[in-house]
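Asks: Just so it is clear, I am handing over coords33.txt, which has compact mmCIF, C-alpha atoms and all ligand atoms.
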# COMPACT_ATOMS: atom_id res chain seq x y z
CA MET A 5 -6.61 6.37 14.77
CA THR A 6 -8.43 8.59 12.32
CA GLN A 7 -11.65 7.51 10.70
CA ASN A 8 -12.80 8.80 7.37
CA PRO A 9 -15.78 11.08 7.98
CA THR A 10 -17.61 9.51 5.05
CA ASP A 11 -16.52 5.85 5.31
CA ASP A 12 -15.42 4.31 8.59
CA ARG A 13 -13.92 1.34 6.71
CA LEU A 14 -10.91 3.59 5.90
CA VAL A 15 -8.57 3.98 8.87
CA LEU A 16 -5.28 5.87 9.30
CA THR A 17 -2.91 4.82 12.04
CA GLN A 18 0.73 5.18 13.08
CA GLY A 19 2.76 2.02 13.60
CA ASN A 20 4.71 -0.84 12.14
CA LEU A 21 3.03 -2.53 9.18
CA THR A 22 4.72 -5.85 9.90
CA GLN A 23 2.73 -6.16 13.12
CA VAL A 24 -0.67 -5.69 11.51
CA ALA A 25 -3.03 -8.67 11.35
CA ALA A 26 -5.00 -8.29 8.11
CA ASP A 27 -5.91 -10.52 5.19
CA ALA A 28 -3.06 -8.76 3.40
CA ILE A 29 -0.41 -6.15 3.99
CA VAL A 30 1.08 -4.31 1.04
CA ASN A 31 4.80 -4.19 0.38
CA ALA A 32 6.44 -1.17 -1.27
CA ALA A 33 8.83 -3.37 -3.24
CA ASN A 34 11.23 -2.94 -6.15
CA THR A 35 10.99 -4.64 -9.55
CA SER A 36 13.17 -7.57 -8.46
CA LEU A 37 10.78 -8.54 -5.63
CA LEU A 38 13.87 -9.86 -3.88
CA GLY A 39 13.86 -7.50 -0.92
CA GLY A 40 15.48 -4.18 -0.09
CA GLY A 41 15.42 -1.53 2.62
CA GLY A 42 12.55 0.37 4.22
CA VAL A 43 9.26 -1.41 4.67
CA ASP A 44 10.33 -4.08 2.15
CA GLY A 45 13.29 -5.08 4.33
CA ALA A 46 11.15 -5.03 7.46
CA ILE A 47 8.52 -7.28 5.85
CA HIS A 48 11.09 -9.82 4.65
CA ARG A 49 12.80 -9.88 8.04
CA ALA A 50 9.54 -10.44 9.87
CA ALA A 51 8.12 -12.97 7.38
CA GLY A 52 11.25 -15.14 7.27
CA PRO A 53 13.00 -16.89 4.37
CA GLY A 54 9.84 -18.54 3.02
CA LEU A 55 8.73 -15.19 1.63
CA LEU A 56 11.93 -14.66 -0.33
CA ALA A 57 11.74 -18.23 -1.67
CA GLU A 58 8.21 -17.63 -2.98
CA CYS A 59 9.19 -14.22 -4.38
CA ARG A 60 11.99 -15.86 -6.39
CA THR A 61 9.37 -17.91 -8.25
CA LEU A 62 7.59 -14.72 -9.42
CA HIS A 63 10.48 -13.40 -11.55
CA GLY A 64 9.95 -9.77 -10.61
CA CYS A 65 7.15 -7.27 -11.04
CA PRO A 66 6.95 -4.24 -13.36
CA THR A 67 6.42 -0.79 -11.86
CA GLY A 68 2.71 -0.12 -11.26
CA GLU A 69 1.76 -3.81 -11.09
CA ALA A 70 1.26 -6.08 -8.07
CA ARG A 71 1.84 -9.72 -7.06
CA ILE A 72 0.48 -11.72 -4.13
CA THR A 73 2.31 -14.19 -1.86
CA GLY A 74 1.77 -15.85 1.48
CA GLY A 75 2.50 -14.04 4.72
CA TYR A 76 4.69 -16.74 6.32
CA HIS A 77 5.63 -15.64 9.86
CA LEU A 78 3.75 -12.35 9.60
CA PRO A 79 0.41 -11.91 11.35
CA ALA A 80 -1.00 -11.03 7.90
CA ARG A 81 -2.21 -13.96 5.76
CA HIS A 82 -0.84 -12.52 2.51
CA VAL A 83 1.61 -9.94 1.24
CA ILE A 84 0.68 -7.99 -1.87
CA HIS A 85 3.87 -6.62 -3.41
CA THR A 86 3.65 -3.56 -5.60
CA VAL A 87 6.34 -1.42 -7.17
CA GLY A 88 5.84 2.32 -6.91
CA PRO A 89 7.39 4.94 -9.19
CA VAL A 90 10.67 6.62 -8.39
CA TRP A 91 9.94 10.36 -8.16
CA GLN A 92 11.77 12.16 -10.96
CA GLY A 93 10.24 15.60 -10.55
CA GLY A 94 6.65 14.75 -11.45
CA HIS A 95 6.84 14.97 -15.24
CA ARG A 96 7.35 11.29 -15.96
CA GLY A 97 3.83 10.11 -15.19
CA GLU A 98 4.67 9.37 -11.55
CA ARG A 99 1.22 10.33 -10.25
CA GLY A 100 -0.58 8.02 -12.68
CA THR A 101 1.84 5.20 -11.94
CA LEU A 102 1.30 5.56 -8.22
CA ALA A 103 -2.48 5.42 -8.71
CA ARG A 104 -2.00 2.29 -10.83
CA CYS A 105 -0.11 0.62 -7.94
CA TYR A 106 -3.08 1.06 -5.62
CA HIS A 107 -5.47 -0.06 -8.36
CA SER A 108 -3.38 -3.18 -9.03
CA VAL A 109 -3.40 -4.05 -5.34
CA PHE A 110 -7.19 -3.74 -5.16
CA GLU A 111 -7.57 -5.97 -8.24
CA LEU A 112 -5.81 -8.72 -6.28
CA VAL A 113 -7.87 -7.95 -3.18
CA GLU A 114 -11.01 -8.44 -5.26
CA ARG A 115 -9.79 -11.57 -7.04
CA HIS A 116 -8.78 -13.26 -3.78
CA GLY A 117 -11.87 -12.17 -1.86
CA LEU A 118 -9.83 -10.40 0.81
CA ARG A 119 -11.72 -8.40 3.41
CA SER A 120 -8.97 -6.34 5.00
CA VAL A 121 -5.81 -4.79 3.61
CA ALA A 122 -3.17 -2.54 5.20
CA PHE A 123 -0.89 -0.23 3.21
CA PRO A 124 2.32 1.68 3.84
CA SER A 125 2.79 5.01 2.10
CA ILE A 126 4.07 3.66 -1.23
CA SER A 127 6.99 5.48 -2.92
CA THR A 128 7.37 8.18 -0.24
CA GLY A 129 10.56 6.77 1.29
CA ALA A 130 13.53 5.70 -0.81
CA TYR A 131 11.59 6.53 -4.01
CA ARG A 132 11.18 10.19 -2.81
CA PHE A 133 7.59 10.79 -4.00
CA PRO A 134 6.47 13.88 -2.00
CA ILE A 135 4.08 12.57 0.64
CA SER A 136 1.81 15.62 0.37
CA GLU A 137 1.19 14.65 -3.26
CA ALA A 138 1.09 10.91 -2.68
CA ALA A 139 -1.48 10.96 0.14
CA PRO A 140 -4.43 12.35 -1.87
CA ILE A 141 -3.71 9.87 -4.69
CA ALA A 142 -3.59 6.94 -2.26
CA LEU A 143 -6.77 8.00 -0.45
CA ARG A 144 -8.67 8.60 -3.70
CA GLU A 145 -7.87 5.07 -4.89
CA MET A 146 -8.83 3.60 -1.50
CA ARG A 147 -12.16 5.39 -1.47
CA ALA A 148 -12.87 4.26 -5.03
CA ALA A 149 -12.10 0.64 -4.11
CA LEU A 150 -14.28 0.81 -0.99
CA ALA A 151 -17.14 2.13 -3.09
CA ARG A 152 -16.65 -0.62 -5.67
CA LEU A 153 -15.97 -3.62 -3.40
CA PRO A 154 -18.63 -4.42 -0.78
CA GLN A 155 -16.49 -7.37 0.40
CA LEU A 156 -13.93 -4.91 1.80
CA GLU A 157 -14.42 -4.41 5.51
CA ARG A 158 -11.29 -2.43 6.27
CA VAL A 159 -8.55 -0.50 4.48
CA THR A 160 -5.83 0.72 6.82
CA VAL A 161 -2.93 3.03 6.09
CA VAL A 162 -0.10 2.41 8.55
CA LEU A 163 2.17 5.45 8.71
CA PHE A 164 5.59 5.05 10.21
CA SER A 165 5.89 8.57 11.67
CA ALA A 166 3.56 11.04 13.37
CA ALA A 167 4.45 13.62 10.71
CA ASP A 168 3.36 11.26 7.92
CA LEU A 169 0.14 10.46 9.77
CA ASP A 170 -0.60 14.20 9.97
CA VAL A 171 -0.15 14.58 6.21
CA TYR A 172 -2.60 11.74 5.53
CA ARG A 173 -5.07 13.09 8.10
CA GLN A 174 -4.98 16.47 6.42
CA ALA A 175 -5.49 14.92 2.99
CA LEU A 176 -8.37 12.81 4.26
CA ALA A 177 -10.03 15.82 5.89
CA THR A 178 -9.76 17.76 2.64
CA ALA A 179 -11.05 14.84 0.58
CA GLY A 180 -13.92 14.40 3.04
CA VAL A 181 -15.35 17.80 2.17
CA PRO A 182 -18.00 17.41 -0.54
CA THR A 183 -17.17 19.44 -3.63
N1 LIG B 201 5.79 0.06 8.69
C1 LIG B 201 5.16 1.08 8.05
N2 LIG B 201 5.81 1.96 7.25
C2 LIG B 201 7.15 1.81 7.11
C3 LIG B 201 7.87 0.78 7.73
C4 LIG B 201 7.14 -0.13 8.56
N3 LIG B 201 7.73 -1.14 9.19
N4 LIG B 201 9.18 0.91 7.37
C5 LIG B 201 9.26 1.98 6.56
N5 LIG B 201 8.04 2.54 6.39
P1 LIG B 201 10.12 2.81 1.53
P2 LIG B 201 9.48 3.29 -1.33
C6 LIG B 201 7.63 3.70 5.60
O1 LIG B 201 11.46 3.41 1.34
O2 LIG B 201 9.65 4.75 -1.15
C7 LIG B 201 13.00 -0.46 -0.66
O3 LIG B 201 14.37 -0.61 -0.56
C8 LIG B 201 8.66 4.74 5.26
O4 LIG B 201 8.85 5.62 6.35
O5 LIG B 201 10.00 1.57 2.32
O6 LIG B 201 8.29 2.79 -2.09
C9 LIG B 201 12.39 -1.29 -1.78
O7 LIG B 201 13.07 -2.51 -1.97
C10 LIG B 201 7.97 5.44 4.08
O8 LIG B 201 7.04 6.41 4.54
O9 LIG B 201 9.42 2.47 0.08
C11 LIG B 201 12.53 -0.38 -2.96
O10 LIG B 201 13.81 -0.48 -3.54
C12 LIG B 201 7.19 4.32 3.41
O11 LIG B 201 7.21 3.23 4.33
C13 LIG B 201 12.34 0.99 -2.38
O12 LIG B 201 12.72 0.89 -1.01
C14 LIG B 201 7.77 3.85 2.10
O13 LIG B 201 9.19 3.93 2.15
C15 LIG B 201 10.90 1.42 -2.43
O14 LIG B 201 10.80 2.75 -1.99
Now that the file is in, can you turn its structure into structure tokens?

Replies:
Amino acid sequence: MTQNPTDDRLVLTQGNLTQVAADAIVNAANTSLLGGGGVDGAIHRAAGPGLLAECRTLHGCPTGEARITGGYHLPARHVIHTVGPVWQGGHRGERGTLARCYHSVFELVERHGLRSVAFPSISTGAYRFPISEAAPIALREMRAALARLPQLERVTVVLFSAADLDVYRQALATAGVPT
């Protein structure tokens, strides 16, 4: 585990998001909200069919927005589904859209009074957003939310691979240096 040098409520760890007990875990979904591969598939498999049934009632989610459901068989109480941008080279507003995903998630965290939330690295798998560019955006939004929301006790980023964890650690170390 890596702790942010300036805020120990922000934690980076390697593991499987579906096994994390938090008030909410975040799903890197697609606009249908009806499941897919990657972390989305893993979350639906672990949560069971109740999650898909609730997702059907939501009628999708636009890119950059977020929706909240129950956690069903997951150890997490809720799932917050957000839809990241597909990387198209970086000239289609992808960075701003990714930031908006994190912001949308934290709006729901605030509205529902959640105290802990765990994220995957949104858009850096099937959607091909370069992780070295995504990590600083994700961490900036997390730090902003922690500064804004005293209710938040813990924000965790759960990276699937050691290589991804290293990228986030590096980004956090850089961001931790006062400018
Ligand atoms: N725990 C933590 N991280 C994981 C897990 C897990 N169990 N499984 C995968 N990852 P991706 P995207 C990592 O592709 O890029 C889906 O089909 C993975 O290594 O899941 O936002 C959706 O339905 C990567 O670093 O999400 C959409 O169609 C990160 O999670 C599309 O993929 C995100 O990879 C969304 O693509």

Asks: My list of candidates is A:Leu163, A:Cys59, A:Ala26, A:Ile141. Which is closest to ligand LIG 201 (chain B) when distances are computed with all atoms listed in the file?

Replies: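 When distances to ligand LIG 201 (chain B) are compared using all atoms listed in the file, the smallest one comes from A:Leu163.
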
Asks: All residues within 10 Å of ligand LIG 201 (chain B) are required, counting all atoms listed in the file; please report them as a PyMOL selection string.

Replies: chain A and resi 17-24+29-47+50+86-91+102+122-135+161-165+167-169

Asks: Only C-alpha atoms, please: the residues just picked out, written as a short mmCIF file (atom, residue, chain, number, x, y, z; two decimals), in the frame of the given file.

Replies:
data_model
loop_
_atom_site.label_atom_id
_atom_site.label_comp_id
_atom_site.auth_asym_id
_atom_site.auth_seq_id
_atom_site.Cartn_x
_atom_site.Cartn_y
_atom_site.Cartn_z
CA THR A 17 -2.91 4.82 12.04
CA GLN A 18 0.73 5.18 13.08
CA GLY A 19 2.76 2.02 13.60
CA ASN A 20 4.71 -0.84 12.14
CA LEU A 21 3.03 -2.53 9.18
CA THR A 22 4.72 -5.85 9.90
CA GLN A 23 2.73 -6.16 13.12
CA VAL A 24 -0.67 -5.69 11.51
CA ILE A 29 -0.41 -6.15 3.99
CA VAL A 30 1.08 -4.31 1.04
CA ASN A 31 4.80 -4.19 0.38
CA ALA A 32 6.44 -1.17 -1.27
CA ALA A 33 8.83 -3.37 -3.24
CA ASN A 34 11.23 -2.94 -6.15
CA THR A 35 10.99 -4.64 -9.55
CA SER A 36 13.17 -7.57 -8.46
CA LEU A 37 10.78 -8.54 -5.63
CA LEU A 38 13.87 -9.86 -3.88
CA GLY A 39 13.86 -7.50 -0.92
CA GLY A 40 15.48 -4.18 -0.09
CA GLY A 41 15.42 -1.53 2.62
CA GLY A 42 12.55 0.37 4.22
CA VAL A 43 9.26 -1.41 4.67
CA ASP A 44 10.33 -4.08 2.15
CA GLY A 45 13.29 -5.08 4.33
CA ALA A 46 11.15 -5.03 7.46
CA ILE A 47 8.52 -7.28 5.85
CA ALA A 50 9.54 -10.44 9.87
CA THR A 86 3.65 -3.56 -5.60
CA VAL A 87 6.34 -1.42 -7.17
CA GLY A 88 5.84 2.32 -6.91
CA PRO A 89 7.39 4.94 -9.19
CA VAL A 90 10.67 6.62 -8.39
CA TRP A 91 9.94 10.36 -8.16
CA LEU A 102 1.30 5.56 -8.22
CA ALA A 122 -3.17 -2.54 5.20
CA PHE A 123 -0.89 -0.23 3.21
CA PRO A 124 2.32 1.68 3.84
CA SER A 125 2.79 5.01 2.10
CA ILE A 126 4.07 3.66 -1.23
CA SER A 127 6.99 5.48 -2.92
CA THR A 128 7.37 8.18 -0.24
CA GLY A 129 10.56 6.77 1.29
CA ALA A 130 13.53 5.70 -0.81
CA TYR A 131 11.59 6.53 -4.01
CA ARG A 132 11.18 10.19 -2.81
CA PHE A 133 7.59 10.79 -4.00
CA PRO A 134 6.47 13.88 -2.00
CA ILE A 135 4.08 12.57 0.64
CA VAL A 161 -2.93 3.03 6.09
CA VAL A 162 -0.10 2.41 8.55
CA LEU A 163 2.17 5.45 8.71
CA PHE A 164 5.59 5.05 10.21
CA SER A 165 5.89 8.57 11.67
CA ALA A 167 4.45 13.62 10.71
CA ASP A 168 3.36 11.26 7.92
CA LEU A 169 0.14 10.46 9.77
#

Asks: Using only C-alpha atoms, give me every residue within 12 Å of (10.5, -20.2, -0.9) in file coordinates, as a list of chain:residue names.

Replies: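 Residues close enough to count: A:Leu38, A:His48, A:Ala51, A:Gly52, A:Pro53, A:Gly54, A:Leu55, A:Leu56, A:Ala57, A:Glu58, A:Cys59, A:Arg60, A:Thr61, A:Leu62, A:Thr73, A:Gly74, A:Gly75, A:Tyr76.
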
Asks: As an exercise, work out the distance from CA of Ala151 in chain A to CA of Tyr172 in chain A in Å and give it to one decimal place.

Replies: 19.4 Å

Asks: Using only C-alpha atoms, which protein or nucleic acid residues come within 10 Å of Val171 in chain A? Drop anything in the same chain fewer than 6 positions from it, and give the result as a PyMOL selection string.

Replies: chain A and resi 135-140+163+177

Asks: Between CA of Asp12 in chain A and CA of His107 in chain A, measure the distance and give it in Å to one decimal.

Replies: 20.1 Å

Asks: Please produce range 41-52 of chain A, completed to all heavy atoms, as a tab-separated table (two decimals), keeping the file's coordinate frame.

Replies:
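Written out: selection25.tsv:
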chain	number	residue	atom	x	y	z
A	41	GLY	N	15.47	-2.23	1.34
A	41	GLY	CA	15.42	-1.53	2.62
A	41	GLY	C	14.00	-1.15	2.98
A	41	GLY	O	13.04	-1.74	2.47
A	42	GLY	N	13.85	-0.18	3.87
A	42	GLY	CA	12.55	0.37	4.22
A	42	GLY	C	11.55	-0.69	4.65
A	42	GLY	O	11.89	-1.68	5.32
A	43	VAL	N	10.32	-0.49	4.25
A	43	VAL	CA	9.26	-1.41	4.67
A	43	VAL	C	9.45	-2.79	4.03
A	43	VAL	O	9.11	-3.81	4.63
A	43	VAL	CB	7.88	-0.79	4.38
A	43	VAL	CG1	7.54	-0.79	2.90
A	43	VAL	CG2	6.79	-1.46	5.20
A	44	ASP	N	10.04	-2.82	2.84
A	44	ASP	CA	10.33	-4.08	2.15
A	44	ASP	C	11.26	-4.95	3.01
A	44	ASP	O	10.99	-6.14	3.26
A	44	ASP	CB	10.98	-3.73	0.80
A	44	ASP	CG	11.09	-4.90	-0.16
A	44	ASP	OD1	10.55	-5.99	0.14
A	44	ASP	OD2	11.72	-4.72	-1.22
A	45	GLY	N	12.35	-4.34	3.48
A	45	GLY	CA	13.29	-5.08	4.33
A	45	GLY	C	12.63	-5.56	5.61
A	45	GLY	O	12.84	-6.70	6.05
A	46	ALA	N	11.82	-4.68	6.20
A	46	ALA	CA	11.15	-5.03	7.46
A	46	ALA	C	10.19	-6.21	7.25
A	46	ALA	O	10.11	-7.12	8.08
A	46	ALA	CB	10.41	-3.82	8.01
A	47	ILE	N	9.47	-6.19	6.14
A	47	ILE	CA	8.52	-7.28	5.85
A	47	ILE	C	9.27	-8.60	5.65
A	47	ILE	O	8.88	-9.64	6.20
A	47	ILE	CB	7.64	-6.92	4.62
A	47	ILE	CG1	6.62	-5.84	5.02
A	47	ILE	CG2	6.94	-8.16	4.05
A	47	ILE	CD1	5.82	-5.27	3.86
A	48	HIS	N	10.34	-8.57	4.87
A	48	HIS	CA	11.09	-9.82	4.65
A	48	HIS	C	11.71	-10.33	5.95
A	48	HIS	O	11.71	-11.54	6.20
A	48	HIS	CB	12.15	-9.62	3.56
A	48	HIS	CG	11.60	-9.80	2.18
A	48	HIS	ND1	11.50	-11.04	1.58
A	48	HIS	CD2	11.08	-8.92	1.31
A	48	HIS	CE1	10.96	-10.90	0.38
A	48	HIS	NE2	10.70	-9.62	0.18
A	49	ARG	N	12.22	-9.44	6.76
A	49	ARG	CA	12.80	-9.88	8.04
A	49	ARG	C	11.75	-10.53	8.92
A	49	ARG	O	11.98	-11.58	9.54
A	49	ARG	CB	13.42	-8.70	8.79
A	49	ARG	CG	14.85	-8.39	8.37
A	49	ARG	CD	15.53	-7.44	9.37
A	49	ARG	NE	14.82	-6.17	9.50
A	49	ARG	CZ	14.92	-5.15	8.66
A	49	ARG	NH1	15.72	-5.25	7.59
A	49	ARG	NH2	14.26	-4.03	8.85
A	50	ALA	N	10.58	-9.92	8.98
A	50	ALA	CA	9.54	-10.44	9.87
A	50	ALA	C	8.88	-11.71	9.31
A	50	ALA	O	8.44	-12.58	10.07
A	50	ALA	CB	8.47	-9.36	10.11
A	51	ALA	N	8.80	-11.81	7.99
A	51	ALA	CA	8.12	-12.97	7.38
A	51	ALA	C	9.00	-14.21	7.39
A	51	ALA	O	8.50	-15.33	7.44
A	51	ALA	CB	7.73	-12.63	5.94
A	52	GLY	N	10.33	-14.01	7.31
A	52	GLY	CA	11.25	-15.14	7.27
A	52	GLY	C	11.55	-15.57	5.85
A	52	GLY	O	10.98	-15.04	4.88
